[in-house]
>>> print(open('run-v3.txt').read())   # compact mmCIF, C-alpha atoms
# COMPACT_ATOMS: atom_id res chain seq x y z
CA MET A 6 -65.63 -25.28 -67.56
CA LEU A 7 -64.75 -28.66 -68.99
CA LYS A 8 -64.12 -29.65 -72.59
CA VAL A 9 -64.23 -33.32 -73.55
CA THR A 10 -63.03 -34.48 -76.98
CA LEU A 11 -63.18 -38.07 -78.24
CA THR A 12 -60.87 -39.17 -81.05
CA ASN A 13 -60.55 -42.69 -82.43
CA ASN A 14 -57.30 -43.94 -83.91
CA GLU A 15 -56.52 -47.47 -85.08
CA THR A 16 -55.88 -48.94 -81.67
CA GLU A 17 -57.71 -46.85 -79.09
CA THR A 18 -60.10 -44.05 -78.26
CA ILE A 19 -58.44 -40.94 -76.92
CA VAL A 20 -60.56 -38.94 -74.49
CA ALA A 21 -59.02 -35.49 -74.08
CA LEU A 22 -60.07 -33.57 -70.98
CA GLU A 23 -59.48 -29.86 -70.71
CA GLY A 24 -60.37 -27.55 -67.83
CA ARG A 25 -62.06 -28.22 -64.51
CA MET A 26 -64.04 -31.34 -63.68
CA ASP A 27 -66.07 -30.16 -60.70
CA THR A 28 -69.48 -31.42 -59.60
CA ALA A 29 -71.16 -29.10 -62.09
CA ALA A 30 -69.10 -30.44 -65.01
CA ALA A 31 -68.91 -34.16 -64.18
CA PRO A 32 -72.28 -35.02 -65.81
CA GLU A 33 -70.96 -33.61 -69.10
CA PHE A 34 -68.04 -36.03 -68.93
CA GLU A 35 -70.34 -38.97 -68.32
CA GLN A 36 -72.56 -37.95 -71.24
CA ALA A 37 -69.59 -37.39 -73.54
CA LEU A 38 -68.55 -41.00 -72.87
CA ALA A 39 -71.83 -42.27 -74.39
CA PRO A 40 -70.05 -44.01 -77.34
CA VAL A 41 -67.63 -45.69 -74.92
CA TRP A 42 -70.45 -47.29 -72.91
CA GLU A 43 -71.48 -49.06 -76.16
CA MET A 44 -68.06 -50.52 -76.94
CA GLU A 45 -67.47 -54.28 -77.02
CA GLN A 46 -63.83 -54.08 -76.01
CA PRO A 47 -63.01 -50.51 -75.00
CA ARG A 48 -59.40 -49.36 -75.20
CA ILE A 49 -59.29 -45.88 -73.74
CA MET A 50 -56.52 -43.34 -73.31
CA LEU A 51 -57.52 -40.47 -71.06
CA ASP A 52 -55.51 -37.45 -72.07
CA CYS A 53 -55.35 -35.45 -68.83
CA GLN A 54 -52.53 -33.07 -69.71
CA LYS A 55 -54.91 -30.12 -69.65
CA LEU A 56 -57.14 -31.31 -66.81
CA GLU A 57 -56.61 -28.74 -64.05
CA TYR A 58 -58.94 -29.90 -61.29
CA ILE A 59 -61.06 -32.87 -60.25
CA SER A 60 -63.41 -33.53 -57.34
CA SER A 61 -65.08 -36.74 -56.13
CA SER A 62 -67.91 -36.31 -58.66
CA GLY A 63 -65.36 -36.68 -61.45
CA LEU A 64 -63.54 -39.53 -59.68
CA ARG A 65 -66.85 -41.36 -59.54
CA ILE A 66 -66.97 -41.42 -63.35
CA PHE A 67 -63.30 -42.44 -63.61
CA LEU A 68 -64.16 -45.39 -61.33
CA LYS A 69 -67.22 -46.24 -63.43
CA LEU A 70 -65.08 -46.18 -66.57
CA LYS A 71 -62.42 -48.41 -64.96
CA LYS A 72 -65.01 -50.93 -63.79
CA PHE A 73 -66.67 -50.91 -67.22
CA THR A 74 -63.47 -51.45 -69.21
CA ASP A 75 -62.33 -54.20 -66.81
CA SER A 76 -65.67 -55.97 -67.12
CA LYS A 77 -65.34 -55.92 -70.93
CA GLY A 78 -61.74 -57.13 -70.98
CA GLY A 79 -60.66 -53.73 -72.27
CA GLN A 80 -58.28 -51.23 -70.81
CA VAL A 81 -58.04 -47.62 -69.70
CA ALA A 82 -54.85 -45.67 -69.15
CA LEU A 83 -53.82 -42.09 -68.48
CA ASN A 84 -51.02 -39.92 -69.68
CA ALA A 85 -49.50 -37.15 -67.57
CA LEU A 86 -51.42 -35.55 -64.69
CA GLN A 87 -51.20 -31.94 -63.54
CA PRO A 88 -49.92 -31.57 -59.94
CA THR A 89 -53.32 -30.71 -58.41
CA VAL A 90 -55.04 -33.65 -60.10
CA LYS A 91 -52.13 -35.98 -59.29
CA GLU A 92 -52.41 -35.06 -55.62
CA VAL A 93 -56.10 -35.98 -55.62
CA PHE A 94 -55.38 -39.27 -57.44
CA ASP A 95 -52.61 -40.17 -54.98
CA MET A 96 -54.73 -39.28 -51.94
CA THR A 97 -57.69 -41.39 -53.02
CA GLY A 98 -55.81 -44.43 -54.32
CA PHE A 99 -56.82 -43.73 -57.93
CA SER A 100 -53.16 -43.57 -59.02
CA LYS A 101 -52.94 -47.31 -58.43
CA MET A 102 -56.05 -48.03 -60.50
CA PHE A 103 -54.99 -46.15 -63.63
CA PRO A 104 -51.65 -46.99 -65.23
CA ILE A 105 -49.87 -43.87 -66.45
CA LYS A 106 -48.39 -44.31 -69.92
CA MET B 20 -62.92 -10.03 -41.80
CA LYS B 21 -65.73 -12.48 -42.38
CA THR B 22 -67.18 -12.85 -45.85
CA GLU B 23 -70.39 -14.63 -46.78
CA ILE B 24 -72.18 -15.94 -49.85
CA VAL B 25 -75.67 -17.41 -50.10
CA LEU B 26 -75.96 -20.28 -52.58
CA LYS B 27 -78.85 -22.38 -53.83
CA ASN B 28 -78.70 -26.18 -53.46
CA ASN B 29 -77.93 -26.63 -57.14
CA ILE B 30 -74.75 -27.85 -58.84
CA ARG B 31 -74.97 -24.83 -61.14
CA GLU B 32 -73.95 -22.76 -58.11
CA ILE B 33 -70.57 -24.51 -57.83
CA PRO B 34 -68.72 -21.94 -59.96
CA ARG B 35 -69.93 -19.10 -57.67
CA MET B 36 -68.62 -21.04 -54.67
CA GLU B 37 -65.28 -21.55 -56.44
CA GLU B 38 -64.90 -17.83 -57.04
CA PHE B 39 -65.79 -17.06 -53.40
CA VAL B 40 -63.24 -19.54 -52.01
CA ASN B 41 -60.62 -18.26 -54.44
CA GLN B 42 -61.09 -14.73 -53.15
CA ALA B 43 -61.10 -15.80 -49.50
CA GLY B 44 -57.96 -17.89 -49.95
CA THR B 45 -56.15 -15.10 -51.77
CA ALA B 46 -57.15 -12.54 -49.13
CA ALA B 47 -55.88 -14.85 -46.37
CA GLY B 48 -52.51 -15.25 -48.09
CA VAL B 49 -52.86 -18.87 -49.16
CA ALA B 50 -50.30 -19.84 -51.82
CA PRO B 51 -51.97 -19.71 -55.26
CA GLU B 52 -51.13 -23.34 -56.04
CA ARG B 53 -52.87 -24.47 -52.81
CA ILE B 54 -56.09 -22.55 -53.30
CA ASP B 55 -57.63 -25.27 -55.48
CA MET B 56 -57.30 -27.67 -52.54
CA LEU B 57 -59.44 -25.32 -50.44
CA VAL B 58 -61.93 -25.07 -53.29
CA LEU B 59 -61.98 -28.87 -53.44
CA ALA B 60 -62.70 -29.31 -49.72
CA VAL B 61 -65.53 -26.76 -49.80
CA GLU B 62 -66.90 -28.25 -53.02
CA GLU B 63 -67.11 -31.68 -51.41
CA ALA B 64 -68.96 -30.24 -48.43
CA MET B 65 -71.33 -28.27 -50.66
CA THR B 66 -71.98 -31.29 -52.89
CA ASN B 67 -73.01 -33.30 -49.83
CA VAL B 68 -75.53 -30.62 -48.91
CA ILE B 69 -76.85 -30.41 -52.48
CA ASN B 70 -77.25 -34.19 -52.69
CA TYR B 71 -78.72 -34.94 -49.28
CA ALA B 72 -79.90 -32.01 -47.17
CA TYR B 73 -83.08 -30.83 -48.83
CA GLY B 74 -84.30 -33.81 -50.84
CA ASP B 75 -86.04 -32.37 -53.90
CA ARG B 76 -86.82 -29.06 -52.20
CA GLU B 77 -85.05 -25.85 -53.07
CA GLY B 78 -82.94 -24.60 -50.18
CA GLU B 79 -80.13 -22.27 -49.25
CA ILE B 80 -76.53 -22.93 -48.40
CA ILE B 81 -74.74 -20.18 -46.50
CA LEU B 82 -70.98 -20.25 -46.87
CA THR B 83 -68.72 -18.01 -44.80
CA ALA B 84 -64.96 -17.56 -44.72
CA GLU B 85 -62.97 -15.94 -41.92
CA ARG B 86 -59.32 -15.60 -41.03
CA GLN B 87 -58.85 -16.53 -37.37
CA GLY B 88 -55.24 -16.09 -36.30
CA ASN B 89 -53.18 -18.45 -38.43
CA ALA B 90 -56.20 -20.32 -39.70
CA LEU B 91 -58.75 -19.86 -42.45
CA VAL B 92 -62.17 -21.06 -41.29
CA PHE B 93 -65.07 -21.95 -43.58
CA GLU B 94 -68.59 -22.57 -42.33
CA ILE B 95 -71.19 -24.31 -44.48
CA LYS B 96 -74.73 -23.97 -43.17
CA ASP B 97 -77.99 -25.45 -44.40
CA GLN B 98 -81.47 -25.87 -43.01
CA GLY B 99 -82.05 -29.34 -44.37
CA LYS B 100 -82.49 -32.51 -42.38
CA ALA B 101 -80.03 -33.12 -39.56
CA PHE B 102 -77.00 -34.91 -40.94
CA ASP B 103 -73.53 -35.29 -39.46
CA PRO B 104 -71.19 -35.99 -42.39
CA THR B 105 -68.28 -36.65 -40.03
CA GLN B 106 -70.00 -39.92 -39.07
CA VAL B 107 -69.82 -41.28 -42.63
CA GLU B 108 -67.64 -44.36 -42.84
CA GLU B 109 -64.34 -43.81 -44.64
CA PRO B 110 -63.73 -45.77 -47.82
CA ASP B 111 -60.75 -48.14 -48.06
CA VAL B 112 -58.71 -46.39 -50.74
CA SER B 113 -56.28 -49.31 -51.04
CA LEU B 114 -58.87 -51.63 -52.62
CA PRO B 115 -58.74 -52.51 -56.34
CA ALA B 116 -61.36 -50.94 -58.62
CA ALA B 117 -63.64 -53.96 -58.68
CA GLU B 118 -64.11 -53.80 -54.91
CA ARG B 119 -64.45 -50.05 -54.61
CA GLU B 120 -67.74 -48.28 -54.13
CA PRO B 121 -68.14 -44.73 -55.37
CA GLY B 122 -69.48 -43.29 -52.10
CA GLY B 123 -67.73 -41.70 -49.16
CA LEU B 124 -64.87 -40.12 -51.08
CA GLY B 125 -66.06 -36.55 -50.54
CA LEU B 126 -65.62 -36.53 -46.80
CA PHE B 127 -62.43 -38.55 -47.09
CA ILE B 128 -61.00 -35.78 -49.29
CA ILE B 129 -62.17 -33.08 -46.85
CA ARG B 130 -60.43 -34.83 -43.96
CA LYS B 131 -57.22 -35.19 -45.94
CA LEU B 132 -57.15 -31.54 -46.97
CA MET B 133 -58.31 -29.71 -43.86
CA ASP B 134 -56.82 -29.52 -40.36
CA GLY B 135 -60.19 -29.47 -38.62
CA VAL B 136 -63.63 -30.82 -39.57
CA HIS B 137 -66.45 -30.25 -37.08
CA TYR B 138 -70.20 -30.65 -37.25
CA ARG B 139 -72.89 -29.21 -35.02
CA ARG B 140 -76.66 -28.88 -35.20
CA GLU B 141 -77.92 -25.45 -34.16
CA GLN B 142 -81.70 -25.56 -33.83
CA ASP B 143 -82.82 -26.26 -37.42
CA THR B 144 -79.41 -25.66 -39.00
CA ASN B 145 -76.53 -27.98 -39.92
CA VAL B 146 -73.19 -26.25 -39.43
CA LEU B 147 -70.04 -27.81 -40.84
CA THR B 148 -66.81 -26.01 -39.93
CA LEU B 149 -63.65 -26.58 -41.97
CA THR B 150 -60.38 -25.17 -40.61
CA LYS B 151 -57.11 -24.85 -42.50
CA GLN B 152 -53.87 -23.68 -40.92
CA ILE B 153 -52.03 -21.20 -43.09
CA GLU B 154 -48.25 -21.54 -43.29
>>> encode(input="run-v3.txt", output="structure tokens")
Amino acid sequence: MLKVTLTNNETETIVALEGRMDTAAAPEFEQALAPVWEMEQPRIMLDCQKLEYISSSGLRIFLKLKKFTDSKGGQVALNALQPTVKEVFDMTGFSKMFPIK
Amino acid sequence: MKTEIVLKNNIREIPRMEEFVNQAGTAAGVAPERIDMLVLAVEEAMTNVINYAYGDREGEIILTAERQGNALVFEIKDQGKAFDPTQVEEPDVSLPAAEREPGGLGLFIIRKLMDGVHYRREQDTNVLTLTKQIE
């Protein structure tokens, strides 16, 4: 089960992810990002403190989000990663793509 | 002991697979914090079958788990078109985002996480065997 919550503050959109982003849940993440795909200059903070698991289906959407924000001159960053998710990010080179703030 | 579960080629079956791998890992004495890495490897293999093996047809995926000596062995079988996932080219994970393609990560992850990855075609069945040594 995955819960995605979008919150806008003055400077950025916080996308809070909670639970497991497996292949069954990844489409929900992509759909929840619908407002982001419309943004002119997206500034996104992915709150991954409660993200427990991710597979390549979820990474695919992280990559799409990174490519999108780069193409718009925006930015996307992460906060802390759980050990399991961090291991997957390190293994696949995603740690280098997403600055951790 | 060998355990088995029969799954449909549908992403809604992923949670049933996760529960099965959790039980098999626990029974084989895998450390709790490492079980999700087994789930991940099997999920990637199952996702490949769901995406490619049967086209739009409904089909079955048979997943087994067995402790063999110091190893835990998973077999993923389907009766879709012949496909050897071990021949898929590995992505270059050092590239920046702009140059990265989304494909190929699943098998890359499987190779990183498992000690053995073997494919064979048995008559009309694809058999992918994933082996993990248990410390």
>>> closest_atom_pairs(input="run-v3.txt", of="chain A", to="chain B", cutoff="9 Å", atoms="only C-alpha atoms", output="tab-separated table")
residue	atom	partner	partner_atom	distance
A:Met6	CA	B:Pro34	CA	8.9
A:Asp27	CA	B:Ile33	CA	7.8
A:Thr28	CA	B:Ile30	CA	6.4
A:Ala29	CA	B:Ile30	CA	5.0
A:Ala30	CA	B:Ile30	CA	8.8
A:Tyr58	CA	B:Asp55	CA	7.5
A:Ile59	CA	B:Leu59	CA	8.0
A:Ser60	CA	B:Leu59	CA	6.2
A:Ser61	CA	B:Gly125	CA	5.7
A:Ser62	CA	B:Gly125	CA	8.3
A:Leu64	CA	B:Pro121	CA	8.2
A:Arg65	CA	B:Pro121	CA	5.5
A:Ile66	CA	B:Pro121	CA	8.7
A:Leu68	CA	B:Ala116	CA	6.8
A:Lys69	CA	B:Pro121	CA	8.3
A:Lys71	CA	B:Ala116	CA	6.9
A:Lys72	CA	B:Ala117	CA	6.1
A:Asp75	CA	B:Ala117	CA	8.2
A:Ser76	CA	B:Ala117	CA	8.9
A:Thr89	CA	B:Asp55	CA	7.5
A:Val93	CA	B:Ile128	CA	8.0
A:Met96	CA	B:Ile128	CA	7.7
A:Thr97	CA	B:Val112	CA	5.6
A:Gly98	CA	B:Val112	CA	5.0
A:Phe99	CA	B:Val112	CA	7.9
A:Lys101	CA	B:Pro115	CA	8.1
A:Met102	CA	B:Ala116	CA	6.3
>>> closest_residue(input="run-v3.txt", among="B:Thr148, B:Gln98, B:Thr22, B:Gln106", to="Gly74 (chain B)", atoms="all atoms listed in the file")
B:Gln98
>>> closest_residue(input="run-v3.txt", among="B:Thr105, B:Tyr138, B:Tyr73, B:Thr150", to="Val61 (chain B)", atoms="only C-alpha atoms")
B:Thr150
>>> atom_distance(input="run-v3.txt", atom1="CA of Leu83 (chain A)", atom2="CA of Glu43 (chain A)")
20.5 Å
>>> atom_distance(input="run-v3.txt", atom1="CA of Thr45 (chain B)", atom2="CA of Pro88 (chain A)")
19.4 Å
>>> residues_around(input="run-v3.txt", residues="region 46-56 of chain A", least_positions_apart="5", cutoff="10 Å", atoms="all atoms listed in the file", output="ChimeraX atom specification")
/A:7-13,16-26,40-41,67,70-71,73-90,103,105-106
>>> residues_around(input="run-v3.txt", residues="Leu147 (chain B)", least_positions_apart="2", cutoff="12 Å", atoms="all atoms listed in the file", output="NGL selection string")
:B and (60-61 or 63-65 or 67-68 or 80-83 or 92-98 or 101-105 or 126 or 129 or 135-141 or 144-145 or 149-150)
>>> atom_distance(input="run-v3.txt", atom1="CA of Gly44 (chain B)", atom2="CA of Glu108 (chain B)")
29.1 Å
>>> build_atoms(input="run-v3.txt", residues="region 79-90 of chain A", atoms="all heavy atoms", output="PDB file, in the frame of the given file")
ATOM      1  N   GLY A  79     -61.356 -54.829 -71.588  1.00  0.00           N
ATOM      2  CA  GLY A  79     -60.660 -53.730 -72.270  1.00  0.00           C
ATOM      3  C   GLY A  79     -59.621 -53.115 -71.370  1.00  0.00           C
ATOM      4  O   GLY A  79     -59.177 -53.735 -70.398  1.00  0.00           O
ATOM      5  N   GLN A  80     -59.239 -51.894 -71.697  1.00  0.00           N
ATOM      6  CA  GLN A  80     -58.280 -51.230 -70.810  1.00  0.00           C
ATOM      7  C   GLN A  80     -58.451 -49.722 -70.860  1.00  0.00           C
ATOM      8  O   GLN A  80     -58.965 -49.159 -71.830  1.00  0.00           O
ATOM      9  CB  GLN A  80     -56.849 -51.604 -71.173  1.00  0.00           C
ATOM     10  CG  GLN A  80     -56.441 -51.197 -72.566  1.00  0.00           C
ATOM     11  CD  GLN A  80     -55.007 -51.642 -72.853  1.00  0.00           C
ATOM     12  OE1 GLN A  80     -54.629 -52.784 -72.613  1.00  0.00           O
ATOM     13  NE2 GLN A  80     -54.207 -50.723 -73.368  1.00  0.00           N
ATOM     14  N   VAL A  81     -58.021 -49.078 -69.770  1.00  0.00           N
ATOM     15  CA  VAL A  81     -58.040 -47.620 -69.700  1.00  0.00           C
ATOM     16  C   VAL A  81     -56.747 -47.172 -69.051  1.00  0.00           C
ATOM     17  O   VAL A  81     -56.310 -47.740 -68.055  1.00  0.00           O
ATOM     18  CB  VAL A  81     -59.296 -47.102 -68.957  1.00  0.00           C
ATOM     19  CG1 VAL A  81     -59.424 -47.674 -67.555  1.00  0.00           C
ATOM     20  CG2 VAL A  81     -59.324 -45.575 -68.914  1.00  0.00           C
ATOM     21  N   ALA A  82     -56.110 -46.198 -69.677  1.00  0.00           N
ATOM     22  CA  ALA A  82     -54.850 -45.670 -69.150  1.00  0.00           C
ATOM     23  C   ALA A  82     -54.896 -44.143 -69.198  1.00  0.00           C
ATOM     24  O   ALA A  82     -55.776 -43.548 -69.830  1.00  0.00           O
ATOM     25  CB  ALA A  82     -53.677 -46.193 -69.959  1.00  0.00           C
ATOM     26  N   LEU A  83     -53.950 -43.542 -68.502  1.00  0.00           N
ATOM     27  CA  LEU A  83     -53.820 -42.090 -68.480  1.00  0.00           C
ATOM     28  C   LEU A  83     -52.468 -41.696 -69.043  1.00  0.00           C
ATOM     29  O   LEU A  83     -51.533 -42.487 -69.007  1.00  0.00           O
ATOM     30  CB  LEU A  83     -53.848 -41.550 -67.043  1.00  0.00           C
ATOM     31  CG  LEU A  83     -54.973 -41.872 -66.097  1.00  0.00           C
ATOM     32  CD1 LEU A  83     -54.644 -41.239 -64.751  1.00  0.00           C
ATOM     33  CD2 LEU A  83     -56.263 -41.312 -66.637  1.00  0.00           C
ATOM     34  N   ASN A  84     -52.367 -40.456 -69.492  1.00  0.00           N
ATOM     35  CA  ASN A  84     -51.020 -39.920 -69.680  1.00  0.00           C
ATOM     36  C   ASN A  84     -50.734 -38.993 -68.495  1.00  0.00           C
ATOM     37  O   ASN A  84     -51.244 -39.242 -67.414  1.00  0.00           O
ATOM     38  CB  ASN A  84     -50.889 -39.244 -71.049  1.00  0.00           C
ATOM     39  CG  ASN A  84     -51.911 -38.145 -71.241  1.00  0.00           C
ATOM     40  OD1 ASN A  84     -52.566 -37.743 -70.298  1.00  0.00           O
ATOM     41  ND2 ASN A  84     -52.047 -37.680 -72.457  1.00  0.00           N
ATOM     42  N   ALA A  85     -49.953 -37.978 -68.691  1.00  0.00           N
ATOM     43  CA  ALA A  85     -49.500 -37.150 -67.570  1.00  0.00           C
ATOM     44  C   ALA A  85     -50.656 -36.488 -66.808  1.00  0.00           C
ATOM     45  O   ALA A  85     -51.693 -36.190 -67.381  1.00  0.00           O
ATOM     46  CB  ALA A  85     -48.565 -36.075 -68.093  1.00  0.00           C
ATOM     47  N   LEU A  86     -50.444 -36.275 -65.511  1.00  0.00           N
ATOM     48  CA  LEU A  86     -51.420 -35.550 -64.690  1.00  0.00           C
ATOM     49  C   LEU A  86     -50.798 -34.244 -64.196  1.00  0.00           C
ATOM     50  O   LEU A  86     -49.628 -34.196 -63.809  1.00  0.00           O
ATOM     51  CB  LEU A  86     -51.819 -36.382 -63.463  1.00  0.00           C
ATOM     52  CG  LEU A  86     -52.611 -37.665 -63.694  1.00  0.00           C
ATOM     53  CD1 LEU A  86     -52.837 -38.378 -62.369  1.00  0.00           C
ATOM     54  CD2 LEU A  86     -53.945 -37.378 -64.371  1.00  0.00           C
ATOM     55  N   GLN A  87     -51.615 -33.211 -64.165  1.00  0.00           N
ATOM     56  CA  GLN A  87     -51.200 -31.940 -63.540  1.00  0.00           C
ATOM     57  C   GLN A  87     -51.034 -32.170 -62.039  1.00  0.00           C
ATOM     58  O   GLN A  87     -51.683 -33.045 -61.460  1.00  0.00           O
ATOM     59  CB  GLN A  87     -52.281 -30.885 -63.781  1.00  0.00           C
ATOM     60  CG  GLN A  87     -52.467 -30.488 -65.228  1.00  0.00           C
ATOM     61  CD  GLN A  87     -51.335 -29.608 -65.732  1.00  0.00           C
ATOM     62  OE1 GLN A  87     -50.690 -28.913 -64.953  1.00  0.00           O
ATOM     63  NE2 GLN A  87     -51.084 -29.662 -67.031  1.00  0.00           N
ATOM     64  N   PRO A  88     -50.195 -31.343 -61.369  1.00  0.00           N
ATOM     65  CA  PRO A  88     -49.920 -31.570 -59.940  1.00  0.00           C
ATOM     66  C   PRO A  88     -51.171 -31.619 -59.049  1.00  0.00           C
ATOM     67  O   PRO A  88     -51.269 -32.499 -58.184  1.00  0.00           O
ATOM     68  CB  PRO A  88     -49.036 -30.377 -59.557  1.00  0.00           C
ATOM     69  CG  PRO A  88     -48.410 -29.932 -60.832  1.00  0.00           C
ATOM     70  CD  PRO A  88     -49.391 -30.247 -61.925  1.00  0.00           C
ATOM     71  N   THR A  89     -52.111 -30.720 -59.259  1.00  0.00           N
ATOM     72  CA  THR A  89     -53.320 -30.710 -58.410  1.00  0.00           C
ATOM     73  C   THR A  89     -54.111 -31.999 -58.579  1.00  0.00           C
ATOM     74  O   THR A  89     -54.555 -32.610 -57.601  1.00  0.00           O
ATOM     75  CB  THR A  89     -54.220 -29.501 -58.791  1.00  0.00           C
ATOM     76  OG1 THR A  89     -53.475 -28.306 -58.596  1.00  0.00           O
ATOM     77  CG2 THR A  89     -55.470 -29.452 -57.935  1.00  0.00           C
ATOM     78  N   VAL A  90     -54.272 -32.436 -59.824  1.00  0.00           N
ATOM     79  CA  VAL A  90     -55.040 -33.650 -60.100  1.00  0.00           C
ATOM     80  C   VAL A  90     -54.274 -34.870 -59.603  1.00  0.00           C
ATOM     81  O   VAL A  90     -54.854 -35.790 -59.027  1.00  0.00           O
ATOM     82  CB  VAL A  90     -55.335 -33.759 -61.620  1.00  0.00           C
ATOM     83  CG1 VAL A  90     -56.065 -35.059 -61.932  1.00  0.00           C
ATOM     84  CG2 VAL A  90     -56.167 -32.561 -62.076  1.00  0.00           C
TER      85      VAL A  90
END
